[in-house]
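Okay, so here's the structure we're looking at.
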Amino acid sequence: MDMAGSTKRQKQSKKRRRIAQGLEMTGLNVRERMQLKMEKKARRKTEGKYSVQQLLEKVVEYMDNLNYELAQMFCQRALDMEPNNLTTLDMMGNIFAELGNSEKAKEAFQKAVALSPDEGYSKYMYLGQIHCGQEAVQYFKKGIELLIKDYQRQEEMATGAASFDPDNAVVTPQNISTAFCSLAEIFLTDLCSEEDASTKCQEALGNALAYDPENPEALQLMASYLFSTEQQQEGKTYLMKSLKQWLPSFQRAESAIPHDSNDLDPLQTATEVLEGLLDEDDEVVQVWYLLGWVCYLQSEKPNEDVSFKDSARTYLTKTKKLYMKVKCDDTSLLVHTEQLLEELGPSEDLDLSDSEKLPIENIEDDFVETSEDEEMQQE
């Protein structure tokens, strides 16, 4: 009798679970139901089987393979086990950021800040990217402060340590330089209209180049800043330095030039290298942008052919259209592109009324949508 009663209770318990599962699935679409089932399956597999450290190793594995959905499931399980684990919170914030869920990412990073406000710079840098204006500035400044502290501690530990390998350093001068670039970008974009924006931007860029004088991003941003403040010659100098750093093809082209050549135009060399890069990949926003910028600089020379203005206008127009197509997030690049297009004005073979009627979205370009683009739009 007891056996029969036990069997009956087990059946009733299973029935209640099925009813509960059915209610839980009510109102969900097919994708959401599948996601819920996968999460439950992953949870059952990990319960009592993995430690938090082992779960995080799985998270790293899935993130390296760009499988952020599965990474999220394992990371959530680790958080269920240790809700205040700072490493796990940072990982979860990164995962949400990669999945485009900025609100969830913000929650994870802000919880990490509340738990440990004076340790761990990465959460502040991510929060700076998510926020705008003065909020972003405050997060970036705190992140930079902690970065520099970590770097100084690292340098102290390395002093006299024969086994220290600088190539495996946790924080590098380039890391700090890039962080200062993030700060400078805010003053070039969100806060550009503030009274002291120019001074603060210049200060941040000076710090970026002090930590890493050869950082291509810092060089390019300094060039953008100088051009925006009408310091054309200085901007050109930094532009050429940037090209030499981040374009290996430019370095190869330069090394092939005889040292006694005095009539070489560096802008023409840059144009040739950039056009060669377009042959390899014509959907890199920065290449179109630099081509437009170089042609613009050429057009500013005395007695130059008007064709440089036409070329600059064409390249910069393509820059803007490709920027929108690939959803680029380099706002300073877009701002400078629009500034240059405004300075170039309409083509001389169009009257003003025609140019005003010609929105940039209607200009024909060479970017043909691939089947992958169409599939993403359908999704």
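All residue names refer to the structure tokens as shown: chains lettered A, B, ... in order, residues numbered from 1 in each chain, ligands numbered from 1 in order.
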
Spatial neighbours of Gly292 of chain A, 10 Å, only C-alpha atoms, chain gap at least 4 places, as a PyMOL selection string: chain A and resi 271+286-288+296-298+308-319+337+340-341

Residue neighbourhood segment 179-187 of chain A, 10 Å, only C-alpha atoms, exclusion window fewer than 6 positions, as a ChimeraX atom specification: /A:125,128-129,132-134,136-141,143-144,147,173,193-194,196-209,211,215,217-222,225,330-333

DSSP-assigned alpha helix (DSSP H) members of segment 117-326 of chain A, reported as a PyMOL selection string: chain A and resi 122-130+133-158+173-188+197-211+216-228+232-246+248-255+266-280+285-299+307-325

Option closest in space to Tyr68 of chain A, from A:Trp293, A:Tyr151, A:Tyr124, A:Phe96 [counting only C-alpha atoms]: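 The shortest atom-to-atom distance to Tyr68 of chain A comes from A:Phe96.
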
Nearest to Leu70 of chain A by atom-to-atom distance, counting only C-alpha atoms, from A:Leu291, A:Tyr50, A:Leu99, A:Thr88: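 Checking each of A:Leu291, A:Tyr50, A:Leu99, A:Thr88 against Leu70 of chain A, counting only C-alpha atoms, the winner is A:Leu99.
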